[in-house]
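> Structure incoming, see below.
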Amino acid sequence: TAAAFVEYRWVGWDVRNLVYLTVSTGFGGGVVTDGTLFRGAADQGGELGHVVVDWQGRQCGCGARGCAEAYVSGTAIARRAVEAVAARPDSSLAALPVITAKDVAEQAQAGDPVAVAVWAETTTMLGRMVAVLINVCEPQLVVLGGGVTRAGEQLLAPVRAAALRQAMPPAAAACDVVLSKHGDAVGVLGAAAIAFHRCDGSR
């Protein structure tokens, strides 16, 4: 939520409606609607990581099944790769003592079939998730941040294409999907931005 606020207030995107998604150890986000940060009735609005993308899908840490976080977080990418390698020990990933999301991205670029399949599922699920958010929130911008986005265009290009293809045409036409300009610092900067905002007497 803090990251969404700083992307809206401090980056200079010329928009009033924005969704921020952090693709990192976990997966979450925040929503800005008509210039206002969405907080919800319990002040925790924007738990986007627990939107269900497959109701019969993988177990999520929250206890539900099929949450986006169970597929697209860095932890989930690594876990799915470990499971896939168990069935395909000939994968280049099998030689690594610990498999990370970064390893999956790198080996996918190198053409390893297991890594390619895991990465493709990741971008497909994330693209589907973004399409849902575009339909529901109709933002002008969806911003992707977090450690997994260090993969750059390898992540962004297929996610953007899938999201804009699957979203309703009017909503898709009004929206773009981009990478955060603040990188790993976005959460810290967001916390500072909210603190300064509240010092001004705003909520």
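The way I read the labels, and the way they are meant: chains A, B, ... in the order of the structure tokens, residue 1 as the first residue of every chain, and ligand 1 as the first ligand shown, with later ones counted on from there.
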Check the DSSP output for the backbone and give back, as number ranges by chain, the residues of region 30-193 of chain A in alpha helix (DSSP H).
A: 69-72, 74-87, 101-109, 113-137, 153-166, 169-173, 186-193
> What are the DSSP strand (DSSP E) residues of region 17-95 of chain A, as number ranges by chain?
A: 18-23, 27-33, 36-37
> Please dump the current selection as a short mmCIF file (atom, residue, chain, number, x, y, z; two decimals), in the first residue's frame; keep all heavy atoms.

```cif
data_model
loop_
_atom_site.label_atom_id
_atom_site.label_comp_id
_atom_site.auth_asym_id
_atom_site.auth_seq_id
_atom_site.Cartn_x
_atom_site.Cartn_y
_atom_site.Cartn_z
N LEU A 18 -4.36 4.06 -10.25
CA LEU A 18 -3.13 3.26 -10.35
C LEU A 18 -3.22 2.03 -9.47
O LEU A 18 -3.78 2.08 -8.37
CB LEU A 18 -1.94 4.14 -9.95
CG LEU A 18 -0.54 3.56 -9.86
CD1 LEU A 18 0.49 4.64 -10.21
CD2 LEU A 18 -0.23 3.00 -8.47
N VAL A 19 -2.67 0.92 -9.96
CA VAL A 19 -2.51 -0.28 -9.15
C VAL A 19 -1.02 -0.59 -9.09
O VAL A 19 -0.33 -0.57 -10.12
CB VAL A 19 -3.27 -1.48 -9.75
CG1 VAL A 19 -2.91 -2.78 -9.00
CG2 VAL A 19 -4.77 -1.25 -9.69
N TYR A 20 -0.52 -0.85 -7.88
CA TYR A 20 0.87 -1.25 -7.72
C TYR A 20 0.90 -2.71 -7.25
O TYR A 20 0.13 -3.10 -6.36
CB TYR A 20 1.59 -0.38 -6.69
CG TYR A 20 2.98 -0.90 -6.37
CD1 TYR A 20 4.04 -0.61 -7.21
CD2 TYR A 20 3.19 -1.72 -5.27
CE1 TYR A 20 5.31 -1.11 -6.95
CE2 TYR A 20 4.45 -2.24 -5.01
CZ TYR A 20 5.50 -1.92 -5.85
OH TYR A 20 6.75 -2.44 -5.60
N LEU A 21 1.78 -3.51 -7.83
CA LEU A 21 1.96 -4.90 -7.42
C LEU A 21 3.43 -5.14 -7.09
O LEU A 21 4.31 -4.80 -7.89
CB LEU A 21 1.54 -5.85 -8.55
CG LEU A 21 0.06 -5.85 -8.92
CD1 LEU A 21 -0.16 -6.68 -10.18
CD2 LEU A 21 -0.79 -6.37 -7.77
N THR A 22 3.69 -5.71 -5.94
CA THR A 22 5.06 -6.08 -5.60
C THR A 22 5.22 -7.58 -5.78
O THR A 22 4.46 -8.38 -5.22
CB THR A 22 5.43 -5.66 -4.16
OG1 THR A 22 6.78 -6.02 -3.90
CG2 THR A 22 4.53 -6.30 -3.11
N VAL A 23 6.17 -7.95 -6.64
CA VAL A 23 6.44 -9.35 -6.94
C VAL A 23 7.79 -9.66 -6.31
O VAL A 23 8.84 -9.41 -6.90
CB VAL A 23 6.47 -9.61 -8.46
CG1 VAL A 23 6.42 -11.10 -8.74
CG2 VAL A 23 5.34 -8.88 -9.16
N PHE A 27 3.73 -11.56 -2.44
CA PHE A 27 3.09 -10.86 -3.54
C PHE A 27 1.95 -10.04 -2.97
O PHE A 27 1.07 -10.56 -2.28
CB PHE A 27 2.57 -11.86 -4.57
CG PHE A 27 1.87 -11.23 -5.73
CD1 PHE A 27 2.56 -10.50 -6.67
CD2 PHE A 27 0.49 -11.39 -5.90
CE1 PHE A 27 1.92 -9.92 -7.76
CE2 PHE A 27 -0.16 -10.82 -6.98
CZ PHE A 27 0.56 -10.09 -7.91
N GLY A 28 1.97 -8.74 -3.22
CA GLY A 28 0.93 -7.89 -2.68
C GLY A 28 0.78 -6.65 -3.53
O GLY A 28 1.28 -6.58 -4.65
N GLY A 29 0.11 -5.65 -2.98
CA GLY A 29 -0.06 -4.44 -3.77
C GLY A 29 -0.91 -3.39 -3.09
O GLY A 29 -1.20 -3.48 -1.89
N GLY A 30 -1.27 -2.42 -3.86
CA GLY A 30 -2.10 -1.33 -3.37
C GLY A 30 -2.80 -0.67 -4.53
O GLY A 30 -2.40 -0.82 -5.69
N VAL A 31 -3.86 0.08 -4.21
CA VAL A 31 -4.71 0.68 -5.24
C VAL A 31 -4.93 2.16 -4.94
O VAL A 31 -5.22 2.54 -3.80
CB VAL A 31 -6.09 -0.03 -5.29
CG1 VAL A 31 -6.98 0.60 -6.37
CG2 VAL A 31 -5.90 -1.52 -5.55
N VAL A 32 -4.77 2.98 -5.96
CA VAL A 32 -5.12 4.40 -5.87
C VAL A 32 -6.28 4.64 -6.83
O VAL A 32 -6.19 4.32 -8.02
CB VAL A 32 -3.93 5.30 -6.25
CG1 VAL A 32 -4.36 6.77 -6.28
CG2 VAL A 32 -2.77 5.10 -5.28
N THR A 33 -7.39 5.15 -6.30
CA THR A 33 -8.59 5.39 -7.09
C THR A 33 -8.95 6.87 -7.05
O THR A 33 -9.15 7.43 -5.96
CB THR A 33 -9.78 4.56 -6.56
OG1 THR A 33 -9.42 3.17 -6.60
CG2 THR A 33 -11.01 4.79 -7.40
N THR A 36 -7.00 8.84 -4.58
CA THR A 36 -7.10 8.48 -3.16
C THR A 36 -6.61 7.06 -2.95
O THR A 36 -7.02 6.14 -3.67
CB THR A 36 -8.55 8.59 -2.66
OG1 THR A 36 -9.00 9.94 -2.85
CG2 THR A 36 -8.65 8.23 -1.20
N LEU A 37 -5.74 6.87 -1.94
CA LEU A 37 -5.25 5.55 -1.62
C LEU A 37 -6.37 4.73 -1.00
O LEU A 37 -6.99 5.14 -0.02
CB LEU A 37 -4.09 5.66 -0.63
CG LEU A 37 -3.32 4.38 -0.30
CD1 LEU A 37 -2.60 3.86 -1.54
CD2 LEU A 37 -2.32 4.65 0.82
#
```
> Quick one: of A:Trp13, A:Ala108, A:Ser24, A:Val130, who's nearest to Leu48 (chain A), counting only C-alpha atoms?
A:Val130
> Within 12 Å of region 91-107 of chain A, counting only C-alpha atoms, which residues show up once you throw out same-chain ones fewer than 2 positions away? Write them as a short mmCIF file (atom, residue, chain, number, x, y, z; two decimals) with all heavy atoms, in the first residue's frame, please.

```cif
data_model
loop_
_atom_site.label_atom_id
_atom_site.label_comp_id
_atom_site.auth_asym_id
_atom_site.auth_seq_id
_atom_site.Cartn_x
_atom_site.Cartn_y
_atom_site.Cartn_z
N VAL A 23 6.17 -7.95 -6.64
CA VAL A 23 6.44 -9.35 -6.94
C VAL A 23 7.79 -9.66 -6.31
O VAL A 23 8.84 -9.41 -6.90
CB VAL A 23 6.47 -9.61 -8.46
CG1 VAL A 23 6.42 -11.10 -8.74
CG2 VAL A 23 5.34 -8.88 -9.16
N SER A 24 7.75 -10.15 -5.09
CA SER A 24 8.98 -10.32 -4.32
C SER A 24 8.91 -11.63 -3.56
O SER A 24 8.36 -12.61 -4.06
CB SER A 24 9.15 -9.12 -3.38
OG SER A 24 10.44 -9.11 -2.81
N THR A 25 9.46 -11.65 -2.33
CA THR A 25 9.36 -12.85 -1.49
C THR A 25 7.90 -13.28 -1.39
O THR A 25 7.57 -14.46 -1.49
CB THR A 25 9.93 -12.59 -0.10
OG1 THR A 25 11.27 -12.13 -0.25
CG2 THR A 25 9.91 -13.84 0.75
N GLY A 26 7.03 -12.30 -1.17
CA GLY A 26 5.59 -12.51 -1.23
C GLY A 26 5.04 -11.78 -2.43
O GLY A 26 5.77 -11.41 -3.36
N TYR A 71 1.64 -18.59 -6.77
CA TYR A 71 2.21 -18.83 -8.10
C TYR A 71 3.31 -17.84 -8.48
O TYR A 71 4.29 -18.24 -9.10
CB TYR A 71 1.11 -18.78 -9.16
CG TYR A 71 0.14 -19.92 -9.08
CD1 TYR A 71 -1.03 -19.80 -8.33
CD2 TYR A 71 0.39 -21.13 -9.73
CE1 TYR A 71 -1.93 -20.86 -8.24
CE2 TYR A 71 -0.50 -22.19 -9.63
CZ TYR A 71 -1.65 -22.05 -8.88
OH TYR A 71 -2.53 -23.10 -8.78
N VAL A 72 3.13 -16.58 -8.17
CA VAL A 72 4.01 -15.57 -8.78
C VAL A 72 5.01 -14.92 -7.84
O VAL A 72 5.87 -14.17 -8.30
CB VAL A 72 3.17 -14.48 -9.49
CG1 VAL A 72 2.21 -15.09 -10.49
CG2 VAL A 72 2.41 -13.63 -8.49
N SER A 73 4.93 -15.18 -6.54
CA SER A 73 5.94 -14.62 -5.65
C SER A 73 7.28 -15.30 -5.92
O SER A 73 7.33 -16.40 -6.49
CB SER A 73 5.55 -14.85 -4.18
OG SER A 73 5.61 -16.23 -3.86
N GLY A 74 8.37 -14.66 -5.51
CA GLY A 74 9.68 -15.26 -5.69
C GLY A 74 9.78 -16.60 -5.00
O GLY A 74 10.36 -17.56 -5.54
N THR A 75 9.21 -16.70 -3.82
CA THR A 75 9.22 -17.96 -3.07
C THR A 75 8.47 -19.04 -3.83
O THR A 75 8.93 -20.19 -3.92
CB THR A 75 8.56 -17.75 -1.69
OG1 THR A 75 9.24 -16.70 -1.01
CG2 THR A 75 8.63 -19.01 -0.86
N ALA A 76 7.32 -18.70 -4.39
CA ALA A 76 6.51 -19.69 -5.12
C ALA A 76 7.20 -20.12 -6.41
O ALA A 76 7.14 -21.30 -6.79
CB ALA A 76 5.14 -19.10 -5.44
N ILE A 77 7.85 -19.19 -7.09
CA ILE A 77 8.58 -19.54 -8.32
C ILE A 77 9.66 -20.56 -8.00
O ILE A 77 9.81 -21.58 -8.69
CB ILE A 77 9.20 -18.28 -8.96
CG1 ILE A 77 8.10 -17.34 -9.45
CG2 ILE A 77 10.12 -18.67 -10.12
CD1 ILE A 77 8.60 -15.96 -9.85
N ALA A 78 10.43 -20.30 -6.94
CA ALA A 78 11.49 -21.22 -6.55
C ALA A 78 10.93 -22.58 -6.15
O ALA A 78 11.46 -23.63 -6.53
CB ALA A 78 12.30 -20.62 -5.41
N ARG A 79 9.83 -22.58 -5.39
CA ARG A 79 9.24 -23.83 -4.93
C ARG A 79 8.73 -24.67 -6.10
O ARG A 79 8.92 -25.89 -6.15
CB ARG A 79 8.10 -23.54 -3.95
CG ARG A 79 7.47 -24.80 -3.34
CD ARG A 79 6.34 -24.44 -2.38
NE ARG A 79 6.80 -23.60 -1.29
CZ ARG A 79 6.37 -22.37 -1.04
NH1 ARG A 79 5.45 -21.82 -1.82
NH2 ARG A 79 6.86 -21.67 -0.03
N ARG A 80 8.08 -24.03 -7.05
CA ARG A 80 7.58 -24.75 -8.21
C ARG A 80 8.73 -25.31 -9.05
O ARG A 80 8.63 -26.41 -9.62
CB ARG A 80 6.69 -23.83 -9.05
CG ARG A 80 5.33 -23.61 -8.40
CD ARG A 80 4.49 -22.54 -9.05
NE ARG A 80 4.75 -22.33 -10.44
CZ ARG A 80 5.21 -21.18 -10.95
NH1 ARG A 80 5.44 -20.14 -10.16
NH2 ARG A 80 5.41 -21.05 -12.24
N ALA A 81 9.84 -24.56 -9.11
CA ALA A 81 11.00 -25.05 -9.85
C ALA A 81 11.61 -26.28 -9.18
O ALA A 81 11.99 -27.24 -9.86
CB ALA A 81 12.05 -23.94 -9.96
N VAL A 82 11.69 -26.28 -7.85
CA VAL A 82 12.22 -27.43 -7.12
C VAL A 82 11.36 -28.66 -7.40
O VAL A 82 11.87 -29.76 -7.65
CB VAL A 82 12.26 -27.13 -5.61
CG1 VAL A 82 12.54 -28.40 -4.81
CG2 VAL A 82 13.33 -26.08 -5.30
N GLU A 83 10.04 -28.48 -7.39
CA GLU A 83 9.13 -29.59 -7.67
C GLU A 83 9.32 -30.10 -9.10
O GLU A 83 9.32 -31.32 -9.34
CB GLU A 83 7.68 -29.14 -7.46
CG GLU A 83 7.34 -28.84 -6.01
CD GLU A 83 5.98 -28.17 -5.86
OE1 GLU A 83 5.29 -27.98 -6.90
OE2 GLU A 83 5.60 -27.83 -4.73
N ALA A 84 9.50 -29.19 -10.03
CA ALA A 84 9.66 -29.59 -11.43
C ALA A 84 10.98 -30.32 -11.66
O ALA A 84 11.04 -31.28 -12.42
CB ALA A 84 9.58 -28.36 -12.33
N VAL A 85 12.03 -29.86 -10.98
CA VAL A 85 13.35 -30.48 -11.12
C VAL A 85 13.34 -31.91 -10.58
O VAL A 85 14.05 -32.79 -11.09
CB VAL A 85 14.42 -29.63 -10.42
CG1 VAL A 85 15.72 -30.40 -10.22
CG2 VAL A 85 14.68 -28.35 -11.21
N ALA A 86 12.52 -32.17 -9.58
CA ALA A 86 12.44 -33.53 -9.02
C ALA A 86 12.01 -34.53 -10.09
O ALA A 86 12.42 -35.70 -10.07
CB ALA A 86 11.46 -33.55 -7.85
N ALA A 87 11.20 -34.06 -11.03
CA ALA A 87 10.75 -34.93 -12.12
C ALA A 87 11.66 -34.85 -13.34
O ALA A 87 11.58 -35.70 -14.24
CB ALA A 87 9.32 -34.57 -12.52
N ARG A 88 12.51 -33.82 -13.37
CA ARG A 88 13.42 -33.64 -14.51
C ARG A 88 14.83 -33.34 -14.00
O ARG A 88 15.32 -32.21 -14.08
CB ARG A 88 12.93 -32.47 -15.38
CG ARG A 88 11.71 -32.77 -16.22
CD ARG A 88 12.03 -33.70 -17.39
NE ARG A 88 13.09 -33.16 -18.23
CZ ARG A 88 12.89 -32.30 -19.24
NH1 ARG A 88 11.66 -31.91 -19.53
NH2 ARG A 88 13.89 -31.88 -19.97
N PRO A 89 15.53 -34.35 -13.44
CA PRO A 89 16.86 -34.13 -12.88
C PRO A 89 17.92 -33.75 -13.91
O PRO A 89 19.04 -33.37 -13.55
CB PRO A 89 17.18 -35.47 -12.22
CG PRO A 89 16.33 -36.47 -12.91
CD PRO A 89 15.07 -35.73 -13.27
N GLN A 109 16.10 -17.95 -19.72
CA GLN A 109 16.71 -17.21 -20.82
C GLN A 109 17.72 -18.07 -21.56
O GLN A 109 17.89 -17.95 -22.78
CB GLN A 109 17.39 -15.95 -20.31
CG GLN A 109 16.46 -14.76 -20.19
CD GLN A 109 17.21 -13.45 -20.12
OE1 GLN A 109 18.24 -13.34 -19.46
NE2 GLN A 109 16.71 -12.45 -20.79
N ALA A 110 18.39 -18.95 -20.82
CA ALA A 110 19.38 -19.84 -21.43
C ALA A 110 18.74 -21.01 -22.16
O ALA A 110 19.43 -21.77 -22.85
CB ALA A 110 20.34 -20.36 -20.36
N GLY A 111 17.42 -21.18 -21.99
CA GLY A 111 16.71 -22.20 -22.73
C GLY A 111 16.45 -23.50 -22.02
O GLY A 111 15.98 -24.47 -22.63
N ASP A 112 16.74 -23.57 -20.71
CA ASP A 112 16.47 -24.79 -19.98
C ASP A 112 14.97 -25.07 -19.99
O ASP A 112 14.17 -24.21 -19.58
CB ASP A 112 16.96 -24.66 -18.53
CG ASP A 112 16.65 -25.90 -17.71
OD1 ASP A 112 17.42 -26.86 -17.80
OD2 ASP A 112 15.63 -25.90 -16.99
N PRO A 113 14.52 -26.25 -20.43
CA PRO A 113 13.07 -26.51 -20.59
C PRO A 113 12.28 -26.39 -19.29
O PRO A 113 11.15 -25.90 -19.30
CB PRO A 113 13.03 -27.95 -21.12
CG PRO A 113 14.36 -28.16 -21.75
CD PRO A 113 15.34 -27.37 -20.93
N VAL A 114 12.85 -26.87 -18.18
CA VAL A 114 12.14 -26.78 -16.90
C VAL A 114 11.97 -25.32 -16.50
O VAL A 114 10.87 -24.90 -16.12
CB VAL A 114 12.88 -27.57 -15.81
CG1 VAL A 114 12.26 -27.30 -14.44
CG2 VAL A 114 12.86 -29.06 -16.11
N ALA A 115 13.03 -24.56 -16.58
CA ALA A 115 12.96 -23.14 -16.22
C ALA A 115 12.02 -22.38 -17.14
O ALA A 115 11.26 -21.52 -16.70
CB ALA A 115 14.36 -22.52 -16.26
N VAL A 116 12.06 -22.70 -18.43
CA VAL A 116 11.16 -22.05 -19.40
C VAL A 116 9.70 -22.30 -19.02
O VAL A 116 8.87 -21.38 -19.03
CB VAL A 116 11.43 -22.55 -20.83
CG1 VAL A 116 10.31 -22.13 -21.78
CG2 VAL A 116 12.78 -22.02 -21.33
N ALA A 117 9.39 -23.54 -18.65
CA ALA A 117 8.00 -23.88 -18.30
C ALA A 117 7.56 -23.18 -17.02
O ALA A 117 6.43 -22.65 -16.94
CB ALA A 117 7.87 -25.39 -18.14
N VAL A 118 8.42 -23.15 -16.01
CA VAL A 118 8.08 -22.49 -14.74
C VAL A 118 7.91 -20.99 -14.96
O VAL A 118 6.96 -20.37 -14.45
CB VAL A 118 9.15 -22.77 -13.67
CG1 VAL A 118 8.89 -21.93 -12.41
CG2 VAL A 118 9.17 -24.25 -13.31
N TRP A 119 8.82 -20.39 -15.73
CA TRP A 119 8.73 -18.95 -15.97
C TRP A 119 7.48 -18.61 -16.79
O TRP A 119 6.80 -17.61 -16.52
CB TRP A 119 9.98 -18.45 -16.69
CG TRP A 119 10.09 -16.96 -16.69
CD1 TRP A 119 9.84 -16.12 -17.73
CD2 TRP A 119 10.45 -16.13 -15.59
NE1 TRP A 119 10.02 -14.81 -17.35
CE2 TRP A 119 10.40 -14.79 -16.04
CE3 TRP A 119 10.81 -16.39 -14.26
CZ2 TRP A 119 10.70 -13.71 -15.20
CZ3 TRP A 119 11.11 -15.31 -13.43
CH2 TRP A 119 11.05 -13.99 -13.90
N ALA A 120 7.15 -19.44 -17.77
CA ALA A 120 5.97 -19.20 -18.58
C ALA A 120 4.70 -19.28 -17.74
O ALA A 120 3.78 -18.46 -17.91
CB ALA A 120 5.90 -20.21 -19.73
N GLU A 121 4.63 -20.24 -16.82
CA GLU A 121 3.47 -20.33 -15.95
C GLU A 121 3.39 -19.09 -15.06
O GLU A 121 2.29 -18.56 -14.81
CB GLU A 121 3.52 -21.58 -15.08
CG GLU A 121 2.28 -21.73 -14.20
CD GLU A 121 2.33 -22.94 -13.28
OE1 GLU A 121 3.40 -23.20 -12.70
OE2 GLU A 121 1.29 -23.60 -13.14
N THR A 122 4.53 -18.62 -14.60
CA THR A 122 4.57 -17.42 -13.76
C THR A 122 4.00 -16.22 -14.49
O THR A 122 3.13 -15.50 -13.97
CB THR A 122 6.01 -17.13 -13.31
OG1 THR A 122 6.52 -18.25 -12.59
CG2 THR A 122 6.08 -15.89 -12.44
N THR A 123 4.49 -15.96 -15.69
CA THR A 123 4.04 -14.78 -16.43
C THR A 123 2.58 -14.92 -16.86
O THR A 123 1.85 -13.94 -16.92
CB THR A 123 4.93 -14.51 -17.65
OG1 THR A 123 4.96 -15.66 -18.51
CG2 THR A 123 6.36 -14.18 -17.20
N GLY A 146 9.31 -4.91 -6.96
CA GLY A 146 9.77 -6.06 -6.18
C GLY A 146 10.93 -6.77 -6.85
O GLY A 146 11.22 -6.56 -8.04
N GLY A 147 11.59 -7.63 -6.09
CA GLY A 147 12.82 -8.26 -6.55
C GLY A 147 12.70 -9.05 -7.83
O GLY A 147 13.62 -9.07 -8.65
N VAL A 148 11.57 -9.72 -8.04
CA VAL A 148 11.42 -10.54 -9.24
C VAL A 148 11.42 -9.68 -10.50
O VAL A 148 11.81 -10.14 -11.58
CB VAL A 148 10.14 -11.40 -9.16
CG1 VAL A 148 9.91 -12.19 -10.44
CG2 VAL A 148 10.22 -12.36 -7.97
N THR A 149 11.05 -8.40 -10.38
CA THR A 149 11.00 -7.53 -11.56
C THR A 149 12.39 -7.12 -12.03
O THR A 149 12.51 -6.44 -13.05
CB THR A 149 10.15 -6.27 -11.30
OG1 THR A 149 10.77 -5.48 -10.27
CG2 THR A 149 8.75 -6.63 -10.88
N ARG A 150 13.44 -7.54 -11.31
CA ARG A 150 14.80 -7.32 -11.83
C ARG A 150 15.00 -8.05 -13.15
O ARG A 150 15.93 -7.76 -13.89
CB ARG A 150 15.83 -7.81 -10.82
CG ARG A 150 15.89 -6.98 -9.54
CD ARG A 150 16.84 -7.59 -8.55
NE ARG A 150 16.69 -7.01 -7.22
CZ ARG A 150 17.11 -7.59 -6.11
NH1 ARG A 150 17.72 -8.77 -6.17
NH2 ARG A 150 16.94 -7.00 -4.94
N ALA A 151 14.13 -9.01 -13.45
CA ALA A 151 14.19 -9.70 -14.74
C ALA A 151 13.82 -8.78 -15.89
O ALA A 151 14.02 -9.13 -17.06
CB ALA A 151 13.26 -10.91 -14.72
N GLY A 152 13.28 -7.62 -15.59
CA GLY A 152 13.00 -6.61 -16.62
C GLY A 152 12.00 -7.05 -17.66
O GLY A 152 10.94 -7.58 -17.35
N GLU A 153 12.37 -6.85 -18.92
CA GLU A 153 11.46 -7.15 -20.03
C GLU A 153 11.10 -8.62 -20.10
O GLU A 153 10.05 -8.97 -20.65
CB GLU A 153 12.08 -6.70 -21.36
CG GLU A 153 12.01 -5.20 -21.58
CD GLU A 153 10.58 -4.70 -21.71
OE1 GLU A 153 9.77 -5.34 -22.42
OE2 GLU A 153 10.26 -3.65 -21.12
N GLN A 154 11.96 -9.48 -19.57
CA GLN A 154 11.66 -10.91 -19.57
C GLN A 154 10.37 -11.20 -18.80
O GLN A 154 9.63 -12.12 -19.12
CB GLN A 154 12.82 -11.69 -18.96
CG GLN A 154 12.65 -13.20 -18.99
CD GLN A 154 13.76 -13.93 -18.25
OE1 GLN A 154 14.63 -13.31 -17.63
NE2 GLN A 154 13.74 -15.25 -18.31
N LEU A 155 10.11 -10.38 -17.78
CA LEU A 155 8.86 -10.48 -17.02
C LEU A 155 7.80 -9.56 -17.60
O LEU A 155 6.67 -9.97 -17.86
CB LEU A 155 9.10 -10.12 -15.56
CG LEU A 155 7.86 -10.21 -14.65
CD1 LEU A 155 7.57 -11.66 -14.27
CD2 LEU A 155 8.04 -9.35 -13.40
#
```
> For a test of reading the model, state the distance in Å between CA of Ala167 (chain A) and CA of Cys137 (chain A), rounded to one decimal.
11.2 Å
> Show me, as a short mmCIF file (atom, residue, chain, number, x, y, z; two decimals) with N, CA and C atoms, in the first residue's frame, the residues that have an atom within 12 Å of Val142 (chain A) when counting only C-alpha atoms, minus same-chain residues fewer than 5 positions from it.

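The result, stored in selection.cif:
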```cif
data_model
loop_
_atom_site.label_atom_id
_atom_site.label_comp_id
_atom_site.auth_asym_id
_atom_site.auth_seq_id
_atom_site.Cartn_x
_atom_site.Cartn_y
_atom_site.Cartn_z
N ALA A 4 2.33 1.75 -3.41
CA ALA A 4 1.34 2.32 -4.33
C ALA A 4 1.27 3.83 -4.14
N GLU A 7 4.39 5.53 -5.64
CA GLU A 7 4.35 5.51 -7.10
C GLU A 7 3.39 6.57 -7.63
N TYR A 8 2.31 6.78 -6.89
CA TYR A 8 1.33 7.79 -7.33
C TYR A 8 1.81 9.21 -7.05
N TRP A 13 3.92 9.90 -12.45
CA TRP A 13 3.00 9.36 -13.45
C TRP A 13 1.80 10.31 -13.54
N VAL A 15 -1.38 10.24 -13.75
CA VAL A 15 -2.58 9.41 -13.66
C VAL A 15 -3.30 9.71 -12.35
N ARG A 16 -4.58 9.33 -12.30
CA ARG A 16 -5.37 9.44 -11.07
C ARG A 16 -5.77 8.06 -10.55
N ASN A 17 -5.59 7.04 -11.37
CA ASN A 17 -5.99 5.68 -11.00
C ASN A 17 -4.83 4.73 -11.28
N LEU A 18 -4.36 4.06 -10.25
CA LEU A 18 -3.13 3.26 -10.35
C LEU A 18 -3.22 2.03 -9.47
N VAL A 19 -2.67 0.92 -9.96
CA VAL A 19 -2.51 -0.28 -9.15
C VAL A 19 -1.02 -0.59 -9.09
N TYR A 20 -0.52 -0.85 -7.88
CA TYR A 20 0.87 -1.25 -7.72
C TYR A 20 0.90 -2.71 -7.25
N LEU A 21 1.78 -3.51 -7.83
CA LEU A 21 1.96 -4.90 -7.42
C LEU A 21 3.43 -5.14 -7.09
N THR A 22 3.69 -5.71 -5.94
CA THR A 22 5.06 -6.08 -5.60
C THR A 22 5.22 -7.58 -5.78
N GLY A 29 0.11 -5.65 -2.98
CA GLY A 29 -0.06 -4.44 -3.77
C GLY A 29 -0.91 -3.39 -3.09
N GLY A 30 -1.27 -2.42 -3.86
CA GLY A 30 -2.10 -1.33 -3.37
C GLY A 30 -2.80 -0.67 -4.53
N VAL A 31 -3.86 0.08 -4.21
CA VAL A 31 -4.71 0.68 -5.24
C VAL A 31 -4.93 2.16 -4.94
N VAL A 32 -4.77 2.98 -5.96
CA VAL A 32 -5.12 4.40 -5.87
C VAL A 32 -6.28 4.64 -6.83
N LEU A 126 0.55 -14.21 -13.67
CA LEU A 126 0.62 -12.79 -13.33
C LEU A 126 -0.16 -11.96 -14.35
N GLY A 127 -0.06 -12.32 -15.61
CA GLY A 127 -0.83 -11.62 -16.64
C GLY A 127 -2.32 -11.75 -16.41
N MET A 129 -3.76 -12.25 -13.50
CA MET A 129 -4.04 -11.46 -12.31
C MET A 129 -4.17 -9.97 -12.67
N VAL A 130 -3.25 -9.49 -13.47
CA VAL A 130 -3.28 -8.08 -13.87
C VAL A 130 -4.54 -7.79 -14.69
N ALA A 131 -4.93 -8.72 -15.55
CA ALA A 131 -6.15 -8.54 -16.34
C ALA A 131 -7.37 -8.40 -15.45
N VAL A 132 -7.44 -9.22 -14.40
CA VAL A 132 -8.55 -9.14 -13.44
C VAL A 132 -8.58 -7.76 -12.80
N LEU A 133 -7.41 -7.27 -12.39
CA LEU A 133 -7.35 -5.97 -11.72
C LEU A 133 -7.70 -4.84 -12.68
N ILE A 134 -7.31 -4.97 -13.94
CA ILE A 134 -7.67 -3.96 -14.93
C ILE A 134 -9.19 -3.92 -15.10
N ASN A 135 -9.81 -5.08 -15.14
CA ASN A 135 -11.27 -5.12 -15.29
C ASN A 135 -11.99 -4.55 -14.08
N CYS A 137 -10.65 -2.57 -11.42
CA CYS A 137 -10.27 -1.22 -10.96
C CYS A 137 -10.19 -0.19 -12.08
N LEU A 156 8.17 -8.31 -17.82
CA LEU A 156 7.19 -7.29 -18.19
C LEU A 156 6.50 -7.58 -19.53
N VAL A 159 3.84 -10.39 -19.45
CA VAL A 159 2.76 -10.04 -18.52
C VAL A 159 1.89 -8.94 -19.12
N ARG A 160 2.53 -7.91 -19.65
CA ARG A 160 1.76 -6.82 -20.28
C ARG A 160 0.91 -7.35 -21.42
N ALA A 163 -2.00 -9.52 -20.06
CA ALA A 163 -2.98 -8.73 -19.32
C ALA A 163 -3.85 -7.90 -20.26
N LEU A 164 -3.23 -7.20 -21.19
CA LEU A 164 -4.00 -6.33 -22.08
C LEU A 164 -4.82 -7.13 -23.08
N ALA A 171 -11.24 -1.11 -20.95
CA ALA A 171 -10.34 -0.98 -19.81
C ALA A 171 -8.89 -1.16 -20.24
N ALA A 172 -8.64 -2.13 -21.12
CA ALA A 172 -7.28 -2.38 -21.60
C ALA A 172 -6.75 -1.19 -22.39
N ALA A 174 -7.34 1.85 -21.94
CA ALA A 174 -7.07 3.00 -21.06
C ALA A 174 -5.88 2.76 -20.15
N CYS A 175 -5.25 1.57 -20.24
CA CYS A 175 -4.26 1.17 -19.24
C CYS A 175 -2.93 0.79 -19.87
N ASP A 176 -1.86 0.95 -19.10
CA ASP A 176 -0.55 0.41 -19.48
C ASP A 176 0.01 -0.33 -18.28
N VAL A 177 0.96 -1.22 -18.53
CA VAL A 177 1.64 -2.00 -17.49
C VAL A 177 3.12 -1.67 -17.59
N VAL A 178 3.71 -1.22 -16.48
CA VAL A 178 5.10 -0.75 -16.49
C VAL A 178 5.84 -1.28 -15.26
N LEU A 179 7.16 -1.10 -15.25
CA LEU A 179 7.97 -1.44 -14.09
C LEU A 179 8.14 -0.21 -13.20
N SER A 180 8.26 -0.44 -11.91
CA SER A 180 8.48 0.64 -10.96
C SER A 180 9.78 1.38 -11.27
#
```
